[in-house]
Amino acid sequence: MAMDEDMLSVDRTVDRIVSVVVGILALGVFLSTFNSSWFPIDDPDEAVTVLVPRVILICLIGLSVILFVRSITSDAKTPVAEIVHWRHRASWSRLLKALGVVLAVCLLLRPLGFLIAMPPAIVILALVMGYRSWRSLIAVAVLAPAIAWYLIVDVAELSLPPGPILQMLGLY
Amino acid sequence: MASLLESLSALLSWQTLISLILGTVIGTFVGAMPGLGTVVALAMMLPLTFAIDSGPAIVLLLSVYVSSVYGGSVSAILINVPGTPQSAATVLDGYPMTKAGRADLALGWATGASVFGGIFSVLILIVAAPTLALVAVNFGSIEILALIIFSMTTIAWVSKGNTIKGLMAACLGLFLSTIGQDTFTGTSRFDYGYFPLTAGLHVIPILVGVFALSEVFHQSFSGSGGKVQIAGKVGFTFPPLRDWLNRKKQLLRASAIGSFIGVLPGVGAVTAAFVSYADGKRSSPNSEKFGTGEPDGVIASEASNNAVTGGALVPTLALGIPGDGGTAVLIGALIIHGVTPGVRLYIDEPVLVNMMFMALLFANLLILVIGAFSAQIFTRILKLPASILMPIVMMLSIIGSFTVRGSMLDVVVAIIAGFVGLLLRYTGFPLAPIVIGYVLGQPFEEGLRRGLLLTQGEPWRFFESPIFCLFIALTFLVLTSNYWTKLILKKDKLS
């Protein structure tokens, strides 16, 4: 029972926060559609361009208000947010590290190139997630990007960032 | 007839055949990996289809779509973890069979039932989709707008029992589709002076982010990357024909339930599998053994969840309305490859449509071959921990988003979508309506604006169309169904 109450309070708090955040964001975007420097609303032909986004944003604001009111007034149990089932083993630092790895790949993909940026990212992310078998990890980190590069760039003839080393060697 | 032969010869070209085999193999294995599932499999494969012709590309994605649903049953049976949510009901009888040392037989029943359910639903698709398209050919902008509103409401309504969050997710998807150039006036919207945004957001980075990268972040956060134990050697035994004939009623009932539920927008394979399982438990002569390793339980779940694939393709192909995340990706893929799903598809592309039907039949048959010969490979693949799989998913997500337009903005969009997707799933928001909303965004806007043009800016005149009134009435009924249900229950109690 205590656990149920705990979950329910998590749900209500979550719903309250989400409804306020989404409502404010939607309201901000909605108000921006009245700014003539971003949208040429003075021209009647162009004004209809914001009609559908405005309708959608009004719906989103309305739904946020309903969600907020329901989170305050309703006694009914809403579906429990997924997180409560495994929060005992959840780790914020692991999530932040994983996010950091993905952001680092995004930042380094062009300056270093795919083949240089990806293997360390695979190694670090696997280590962050708890993988400890070094030999297979190194093999995967080297082979997976190499195979992906071959399939994407050489076979499918799509582009991936080659990076300065491959360009200097005149390979791509 | 000529078109059928043309379609068959197109399907039997080496490029299409390779796509079919590759798609079925990849779909089965990705579907078997817990946490990945059908939509992730499709989102990963979609960018790889850019380099091939539209026919083989569509065949590849269709075979991934149908085989990934089957793949989910393998992990459900062998490790008690459904690879895809659709196979959750398979765990109930599949895993007890494994514990009793009959994993080979459980795999045989699951494979046979999946193939039967899949083929049954394709036959329904072949009959129902053109008929539905014939009805829908009379739909104008206003009717299509009402149909989209009805479909999205239904999808939101069945979303984990939280209609408001489902509707909010659908609105978010609709809004994302309005970013970039307005197709009517050419005016750029919501770029806020940042030039690359004038091209709009592409569906692939959103898909990859919301489904694949959010899974990477989720696995990192939840720390569920443990080692998997599979007891002993696992083989494959196909049950004798006599046993199948004894259970033909179960097989047919489950396939019919799956096909019917598949046609309904948003309800999906998870519901179909549990409805069919409950029906099986009620109607099977072995009902008392359900939950202890009864083959009828595996048949009920697997035949129905695979039958959903053909059923879900009926509104997808006939109306251009996706019923779930998987079919939303398929619609996105068709559009990227220059094919517009909807009523005109059957008139404009008969060869392609027939080839798609044939590919679905062949892909279902291929599942039988793959299932029979891959039991040993499955046991090895399932032992791969999430901690080594997720970095590869991360790599494929970045490749997928970058190769769409060769733009780093798409990678950034995928990462943002991944993080937002993670937050949304932790706060109880369903993810599929975002993608469905995004895919339906353009037809929704076209329907509304064309409708307003036709009625000289008087939206109340939309109600002059009886089809519009019908769909809006249905939407109202769906939205207020909780109220009606409570009222009926109260009356029943009083009486």
# chains A, B, ... in the order shown; residues from 1 in each chain; ligands from 1
call {"tool": "interface_residues", "arguments": {"of": "chain A", "to": "chain B", "cutoff": "7 Å", "atoms": "only C-alpha atoms", "output": "number ranges by chain"}}
result
A: 14, 38, 46, 49, 52-53, 56, 60, 63, 67, 81-83, 86, 89-92, 94-95, 98, 106, 122, 125-126, 129-131, 156-160
call {"tool": "write_last_selection", "arguments": {"atoms": "N, CA and C atoms", "output": "JSON list (two decimals), in the first residue's frame"}}
result
[["chain", "number", "residue", "atom", "x", "y", "z"],
["A", 14, "VAL", "N", 5.12, 14.18, -11.17],
["A", 14, "VAL", "CA", 5.65, 14.15, -12.54],
["A", 14, "VAL", "C", 4.66, 14.82, -13.49],
["A", 38, "TRP", "N", 9.74, 37.22, -37.15],
["A", 38, "TRP", "CA", 9.92, 35.80, -37.47],
["A", 38, "TRP", "C", 8.88, 35.29, -38.46],
["A", 46, "GLU", "N", 0.38, 35.36, -46.30],
["A", 46, "GLU", "CA", 1.39, 34.63, -45.53],
["A", 46, "GLU", "C", 0.89, 34.27, -44.13],
["A", 49, "THR", "N", 0.05, 30.78, -42.94],
["A", 49, "THR", "CA", 1.15, 29.85, -42.73],
["A", 49, "THR", "C", 1.28, 29.43, -41.26],
["A", 52, "VAL", "N", -2.14, 26.49, -38.88],
["A", 52, "VAL", "CA", -2.13, 25.11, -38.38],
["A", 52, "VAL", "C", -1.23, 24.96, -37.14],
["A", 53, "PRO", "N", 0.01, 25.52, -37.18],
["A", 53, "PRO", "CA", 0.81, 25.44, -35.95],
["A", 53, "PRO", "C", 0.09, 26.05, -34.75],
["A", 56, "ILE", "N", -2.48, 23.62, -33.45],
["A", 56, "ILE", "CA", -1.82, 22.51, -32.74],
["A", 56, "ILE", "C", -1.34, 22.99, -31.37],
["A", 60, "LEU", "N", -2.20, 21.77, -27.60],
["A", 60, "LEU", "CA", -1.16, 21.33, -26.67],
["A", 60, "LEU", "C", -1.27, 22.08, -25.33],
["A", 63, "LEU", "N", -4.35, 20.76, -23.52],
["A", 63, "LEU", "CA", -4.10, 19.43, -22.94],
["A", 63, "LEU", "C", -3.21, 19.53, -21.70],
["A", 67, "LEU", "N", -4.12, 18.19, -18.05],
["A", 67, "LEU", "CA", -3.22, 17.28, -17.31],
["A", 67, "LEU", "C", -2.89, 17.85, -15.93],
["A", 81, "ALA", "N", 4.62, 5.90, -13.72],
["A", 81, "ALA", "CA", 5.78, 6.25, -14.54],
["A", 81, "ALA", "C", 6.78, 5.09, -14.48],
["A", 82, "GLU", "N", 7.38, 4.80, -15.63],
["A", 82, "GLU", "CA", 8.22, 3.61, -15.77],
["A", 82, "GLU", "C", 9.34, 3.54, -14.74],
["A", 83, "ILE", "N", 9.86, 4.70, -14.40],
["A", 83, "ILE", "CA", 11.08, 4.78, -13.60],
["A", 83, "ILE", "C", 10.95, 4.13, -12.21],
["A", 86, "TRP", "N", 12.40, 0.41, -11.38],
["A", 86, "TRP", "CA", 13.81, 0.00, -11.25],
["A", 86, "TRP", "C", 14.69, 1.12, -10.71],
["A", 89, "ARG", "N", 18.19, 0.64, -8.94],
["A", 89, "ARG", "CA", 19.47, 0.39, -9.60],
["A", 89, "ARG", "C", 19.83, 1.47, -10.64],
["A", 90, "ALA", "N", 18.99, 2.51, -10.72],
["A", 90, "ALA", "CA", 19.25, 3.57, -11.70],
["A", 90, "ALA", "C", 20.45, 4.41, -11.26],
["A", 91, "SER", "N", 21.18, 4.93, -12.24],
["A", 91, "SER", "CA", 22.36, 5.75, -11.92],
["A", 91, "SER", "C", 22.39, 6.98, -12.81],
["A", 92, "TRP", "N", 22.29, 8.15, -12.16],
["A", 92, "TRP", "CA", 22.34, 9.41, -12.91],
["A", 92, "TRP", "C", 23.71, 9.60, -13.53],
["A", 94, "ARG", "N", 25.77, 7.37, -14.60],
["A", 94, "ARG", "CA", 25.92, 6.53, -15.81],
["A", 94, "ARG", "C", 25.20, 7.18, -16.99],
["A", 95, "LEU", "N", 24.02, 7.74, -16.73],
["A", 95, "LEU", "CA", 23.27, 8.40, -17.80],
["A", 95, "LEU", "C", 24.02, 9.63, -18.31],
["A", 98, "ALA", "N", 26.90, 8.54, -20.42],
["A", 98, "ALA", "CA", 26.45, 8.07, -21.74],
["A", 98, "ALA", "C", 26.09, 9.26, -22.63],
["A", 106, "CYS", "N", 29.28, 13.53, -31.38],
["A", 106, "CYS", "CA", 28.65, 14.53, -32.25],
["A", 106, "CYS", "C", 29.62, 15.69, -32.52],
["A", 122, "ILE", "N", 32.79, 3.87, -28.61],
["A", 122, "ILE", "CA", 32.20, 2.54, -28.34],
["A", 122, "ILE", "C", 32.81, 1.95, -27.07],
["A", 125, "LEU", "N", 31.57, 3.97, -23.95],
["A", 125, "LEU", "CA", 30.16, 3.72, -23.63],
["A", 125, "LEU", "C", 29.97, 2.31, -23.06],
["A", 126, "ALA", "N", 30.66, 1.34, -23.65],
["A", 126, "ALA", "CA", 30.55, -0.04, -23.15],
["A", 126, "ALA", "C", 31.07, -0.13, -21.71],
["A", 129, "MET", "N", 28.68, 1.31, -19.33],
["A", 129, "MET", "CA", 27.52, 0.43, -19.11],
["A", 129, "MET", "C", 27.90, -0.87, -18.40],
["A", 130, "GLY", "N", 29.18, -1.01, -18.10],
["A", 130, "GLY", "CA", 29.58, -2.15, -17.26],
["A", 130, "GLY", "C", 30.23, -3.30, -17.98],
["A", 131, "TYR", "N", 30.57, -3.15, -19.27],
["A", 131, "TYR", "CA", 31.22, -4.25, -19.99],
["A", 131, "TYR", "C", 32.70, -4.28, -19.62],
["A", 156, "ALA", "N", 27.33, 1.29, -50.22],
["A", 156, "ALA", "CA", 26.11, 2.09, -50.45],
["A", 156, "ALA", "C", 26.40, 3.46, -51.06],
["A", 157, "GLU", "N", 27.67, 3.84, -51.09],
["A", 157, "GLU", "CA", 28.11, 5.12, -51.67],
["A", 157, "GLU", "C", 27.41, 6.33, -51.02],
["A", 158, "LEU", "N", 27.19, 6.23, -49.71],
["A", 158, "LEU", "CA", 26.70, 7.38, -48.95],
["A", 158, "LEU", "C", 27.91, 8.02, -48.28],
["A", 159, "SER", "N", 27.69, 9.18, -47.65],
["A", 159, "SER", "CA", 28.87, 9.84, -47.09],
["A", 159, "SER", "C", 28.88, 9.79, -45.56],
["A", 160, "LEU", "N", 30.08, 9.63, -45.02],
["A", 160, "LEU", "CA", 30.32, 9.77, -43.58],
["A", 160, "LEU", "C", 31.53, 10.69, -43.46]]
call {"tool": "closest_residue", "arguments": {"among": "A:Val18, A:Leu57, A:Leu166, A:Val48", "to": "Arg110 in chain A", "atoms": "only C-alpha atoms"}}
result
A:Leu166
call {"tool": "residues_around", "arguments": {"residues": "Ala43 in chain B", "least_positions_apart": "2", "cutoff": "7 Å", "atoms": "only C-alpha atoms", "output": "PDB file with N, CA and C atoms, in the first residue's frame"}}
result
ATOM      1  N   VAL B  39      10.408  -1.171 -34.224  1.00  0.00           N
ATOM      2  CA  VAL B  39      10.612   0.212 -34.689  1.00  0.00           C
ATOM      3  C   VAL B  39      12.099   0.534 -34.752  1.00  0.00           C
ATOM      4  N   VAL B  40      12.857   0.076 -33.751  1.00  0.00           N
ATOM      5  CA  VAL B  40      14.305   0.334 -33.772  1.00  0.00           C
ATOM      6  C   VAL B  40      14.920  -0.374 -34.978  1.00  0.00           C
ATOM      7  N   ALA B  41      14.497  -1.625 -35.225  1.00  0.00           N
ATOM      8  CA  ALA B  41      15.026  -2.372 -36.375  1.00  0.00           C
ATOM      9  C   ALA B  41      14.764  -1.606 -37.667  1.00  0.00           C
ATOM     10  N   MET B  45      17.491   0.359 -40.193  1.00  0.00           N
ATOM     11  CA  MET B  45      17.661  -0.111 -41.563  1.00  0.00           C
ATOM     12  C   MET B  45      17.297   0.943 -42.605  1.00  0.00           C
ATOM     13  N   LEU B  46      16.412   1.873 -42.230  1.00  0.00           N
ATOM     14  CA  LEU B  46      15.899   2.843 -43.207  1.00  0.00           C
ATOM     15  C   LEU B  46      17.000   3.631 -43.935  1.00  0.00           C
ATOM     16  N   ILE B 204      13.808  10.714 -40.093  1.00  0.00           N
ATOM     17  CA  ILE B 204      14.738   9.675 -39.599  1.00  0.00           C
ATOM     18  C   ILE B 204      15.440  10.080 -38.299  1.00  0.00           C
ATOM     19  N   LEU B 207      12.971   9.650 -35.551  1.00  0.00           N
ATOM     20  CA  LEU B 207      12.725   8.222 -35.294  1.00  0.00           C
ATOM     21  C   LEU B 207      13.869   7.581 -34.529  1.00  0.00           C
ATOM     22  N   VAL B 208      15.079   7.783 -35.087  1.00  0.00           N
ATOM     23  CA  VAL B 208      16.276   7.181 -34.509  1.00  0.00           C
ATOM     24  C   VAL B 208      16.466   7.670 -33.073  1.00  0.00           C
TER      25      VAL B 208
END
call {"tool": "atom_distance", "arguments": {"atom1": "CA of Leu382 in chain B", "atom2": "CA of Leu366 in chain B"}}
result
20.8 Å
call {"tool": "select_by_dssp", "arguments": {"residues": "range 82-171 of chain A", "states": "alpha helix (DSSP H)", "output": "compact mmCIF listing (two decimals) with N, CA and C atoms, in the first residue's frame"}}
result
# COMPACT_ATOMS: atom_id res chain seq x y z
N TRP A 92 22.29 8.15 -12.16
CA TRP A 92 22.34 9.41 -12.91
C TRP A 92 23.71 9.60 -13.53
N SER A 93 24.76 9.20 -12.80
CA SER A 93 26.11 9.44 -13.32
C SER A 93 26.34 8.61 -14.59
N ARG A 94 25.77 7.37 -14.60
CA ARG A 94 25.92 6.53 -15.81
C ARG A 94 25.20 7.18 -16.99
N LEU A 95 24.02 7.74 -16.73
CA LEU A 95 23.27 8.40 -17.80
C LEU A 95 24.02 9.63 -18.31
N LEU A 96 24.55 10.41 -17.39
CA LEU A 96 25.27 11.63 -17.80
C LEU A 96 26.51 11.27 -18.60
N LYS A 97 27.20 10.19 -18.17
CA LYS A 97 28.39 9.76 -18.91
C LYS A 97 28.01 9.31 -20.32
N ALA A 98 26.90 8.54 -20.42
CA ALA A 98 26.45 8.07 -21.74
C ALA A 98 26.09 9.26 -22.63
N LEU A 99 25.39 10.24 -22.04
CA LEU A 99 25.03 11.45 -22.79
C LEU A 99 26.29 12.18 -23.25
N GLY A 100 27.27 12.25 -22.33
CA GLY A 100 28.54 12.91 -22.64
C GLY A 100 29.24 12.24 -23.81
N VAL A 101 29.24 10.89 -23.81
CA VAL A 101 29.90 10.15 -24.90
C VAL A 101 29.22 10.48 -26.23
N VAL A 102 27.88 10.44 -26.23
CA VAL A 102 27.15 10.70 -27.49
C VAL A 102 27.39 12.13 -27.96
N LEU A 103 27.38 13.08 -27.02
CA LEU A 103 27.63 14.48 -27.40
C LEU A 103 29.06 14.66 -27.91
N ALA A 104 30.01 13.97 -27.26
CA ALA A 104 31.41 14.06 -27.71
C ALA A 104 31.56 13.53 -29.13
N VAL A 105 30.88 12.41 -29.42
CA VAL A 105 30.94 11.87 -30.78
C VAL A 105 30.40 12.90 -31.76
N CYS A 106 29.28 13.53 -31.38
CA CYS A 106 28.65 14.53 -32.25
C CYS A 106 29.62 15.69 -32.52
N LEU A 107 30.33 16.11 -31.47
CA LEU A 107 31.25 17.25 -31.63
C LEU A 107 32.50 16.87 -32.42
N LEU A 108 32.97 15.62 -32.23
CA LEU A 108 34.26 15.23 -32.82
C LEU A 108 34.13 14.52 -34.16
N LEU A 109 32.88 14.25 -34.57
CA LEU A 109 32.70 13.47 -35.79
C LEU A 109 33.32 14.16 -37.01
N ARG A 110 33.08 15.44 -37.17
CA ARG A 110 33.65 16.14 -38.33
C ARG A 110 35.15 16.41 -38.16
N PRO A 111 35.60 16.97 -36.99
CA PRO A 111 37.04 17.27 -36.86
C PRO A 111 37.93 16.03 -36.92
N LEU A 112 37.49 14.90 -36.35
CA LEU A 112 38.35 13.72 -36.32
C LEU A 112 38.02 12.72 -37.43
N PHE A 114 34.86 9.81 -38.84
CA PHE A 114 34.08 8.71 -38.26
C PHE A 114 34.97 7.59 -37.72
N LEU A 115 35.97 7.22 -38.51
CA LEU A 115 36.79 6.05 -38.12
C LEU A 115 37.68 6.32 -36.91
N ILE A 116 37.98 7.58 -36.65
CA ILE A 116 38.81 7.90 -35.47
C ILE A 116 37.91 8.17 -34.26
N ALA A 117 36.77 8.83 -34.49
CA ALA A 117 35.92 9.23 -33.36
C ALA A 117 35.11 8.06 -32.77
N MET A 118 34.74 7.12 -33.63
CA MET A 118 33.78 6.10 -33.16
C MET A 118 34.38 5.02 -32.25
N PRO A 119 35.56 4.42 -32.57
CA PRO A 119 36.05 3.33 -31.70
C PRO A 119 36.21 3.71 -30.23
N PRO A 120 36.85 4.87 -29.90
CA PRO A 120 36.93 5.20 -28.47
C PRO A 120 35.54 5.42 -27.84
N ALA A 121 34.61 5.97 -28.64
CA ALA A 121 33.27 6.20 -28.10
C ALA A 121 32.61 4.87 -27.75
N ILE A 122 32.79 3.87 -28.61
CA ILE A 122 32.20 2.54 -28.34
C ILE A 122 32.81 1.95 -27.07
N VAL A 123 34.15 2.06 -26.96
CA VAL A 123 34.84 1.51 -25.78
C VAL A 123 34.33 2.20 -24.51
N ILE A 124 34.30 3.53 -24.54
CA ILE A 124 33.92 4.27 -23.31
C ILE A 124 32.46 3.97 -22.94
N LEU A 125 31.57 3.97 -23.95
CA LEU A 125 30.16 3.72 -23.63
C LEU A 125 29.97 2.31 -23.06
N ALA A 126 30.66 1.34 -23.65
CA ALA A 126 30.55 -0.04 -23.15
C ALA A 126 31.07 -0.13 -21.71
N LEU A 127 32.18 0.57 -21.43
CA LEU A 127 32.74 0.55 -20.06
C LEU A 127 31.77 1.22 -19.08
N VAL A 128 31.20 2.35 -19.54
CA VAL A 128 30.23 3.06 -18.69
C VAL A 128 29.06 2.13 -18.34
N TRP A 134 37.88 -6.89 -22.11
CA TRP A 134 38.64 -5.96 -22.95
C TRP A 134 38.88 -6.48 -24.36
N ARG A 135 39.23 -7.77 -24.45
CA ARG A 135 39.62 -8.28 -25.77
C ARG A 135 38.46 -8.16 -26.77
N SER A 136 37.29 -8.64 -26.37
CA SER A 136 36.16 -8.58 -27.30
C SER A 136 35.70 -7.13 -27.51
N LEU A 137 35.88 -6.31 -26.48
CA LEU A 137 35.47 -4.90 -26.59
C LEU A 137 36.32 -4.18 -27.64
N ILE A 138 37.63 -4.41 -27.59
CA ILE A 138 38.51 -3.76 -28.58
C ILE A 138 38.17 -4.26 -29.98
N ALA A 139 37.92 -5.57 -30.07
CA ALA A 139 37.59 -6.14 -31.39
C ALA A 139 36.32 -5.50 -31.94
N VAL A 140 35.29 -5.38 -31.09
CA VAL A 140 34.02 -4.78 -31.54
C VAL A 140 34.23 -3.31 -31.90
N ALA A 141 34.99 -2.60 -31.05
CA ALA A 141 35.19 -1.16 -31.26
C ALA A 141 35.93 -0.87 -32.56
N VAL A 142 36.81 -1.78 -32.98
CA VAL A 142 37.54 -1.56 -34.23
C VAL A 142 36.74 -2.08 -35.42
N LEU A 143 36.21 -3.29 -35.25
CA LEU A 143 35.55 -3.93 -36.41
C LEU A 143 34.22 -3.28 -36.76
N ALA A 144 33.40 -2.96 -35.76
CA ALA A 144 32.05 -2.43 -36.05
C ALA A 144 32.12 -1.15 -36.89
N PRO A 145 32.92 -0.13 -36.49
CA PRO A 145 32.99 1.07 -37.34
C PRO A 145 33.61 0.78 -38.72
N ALA A 146 34.59 -0.13 -38.75
CA ALA A 146 35.23 -0.43 -40.04
C ALA A 146 34.23 -1.08 -41.00
N ILE A 147 33.46 -2.05 -40.48
CA ILE A 147 32.45 -2.70 -41.33
C ILE A 147 31.38 -1.68 -41.74
N ALA A 148 30.95 -0.86 -40.77
CA ALA A 148 29.92 0.14 -41.09
C ALA A 148 30.43 1.10 -42.17
N TRP A 149 31.70 1.53 -42.03
CA TRP A 149 32.30 2.43 -43.03
C TRP A 149 32.30 1.78 -44.41
N GLY A 163 37.27 12.85 -42.03
CA GLY A 163 38.27 13.38 -41.09
C GLY A 163 39.55 13.75 -41.81
N PRO A 164 40.41 14.54 -41.13
CA PRO A 164 41.60 15.07 -41.80
C PRO A 164 42.63 14.00 -42.16
N ILE A 165 42.71 12.93 -41.38
CA ILE A 165 43.77 11.94 -41.64
C ILE A 165 43.52 11.23 -42.96
N LEU A 166 42.29 10.74 -43.15
CA LEU A 166 41.98 10.05 -44.41
C LEU A 166 42.10 11.01 -45.59
N GLN A 167 41.73 12.29 -45.34
CA GLN A 167 41.81 13.28 -46.43
C GLN A 167 43.26 13.59 -46.77
N MET A 168 44.10 13.66 -45.71
CA MET A 168 45.53 13.94 -45.93
C MET A 168 46.19 12.81 -46.70
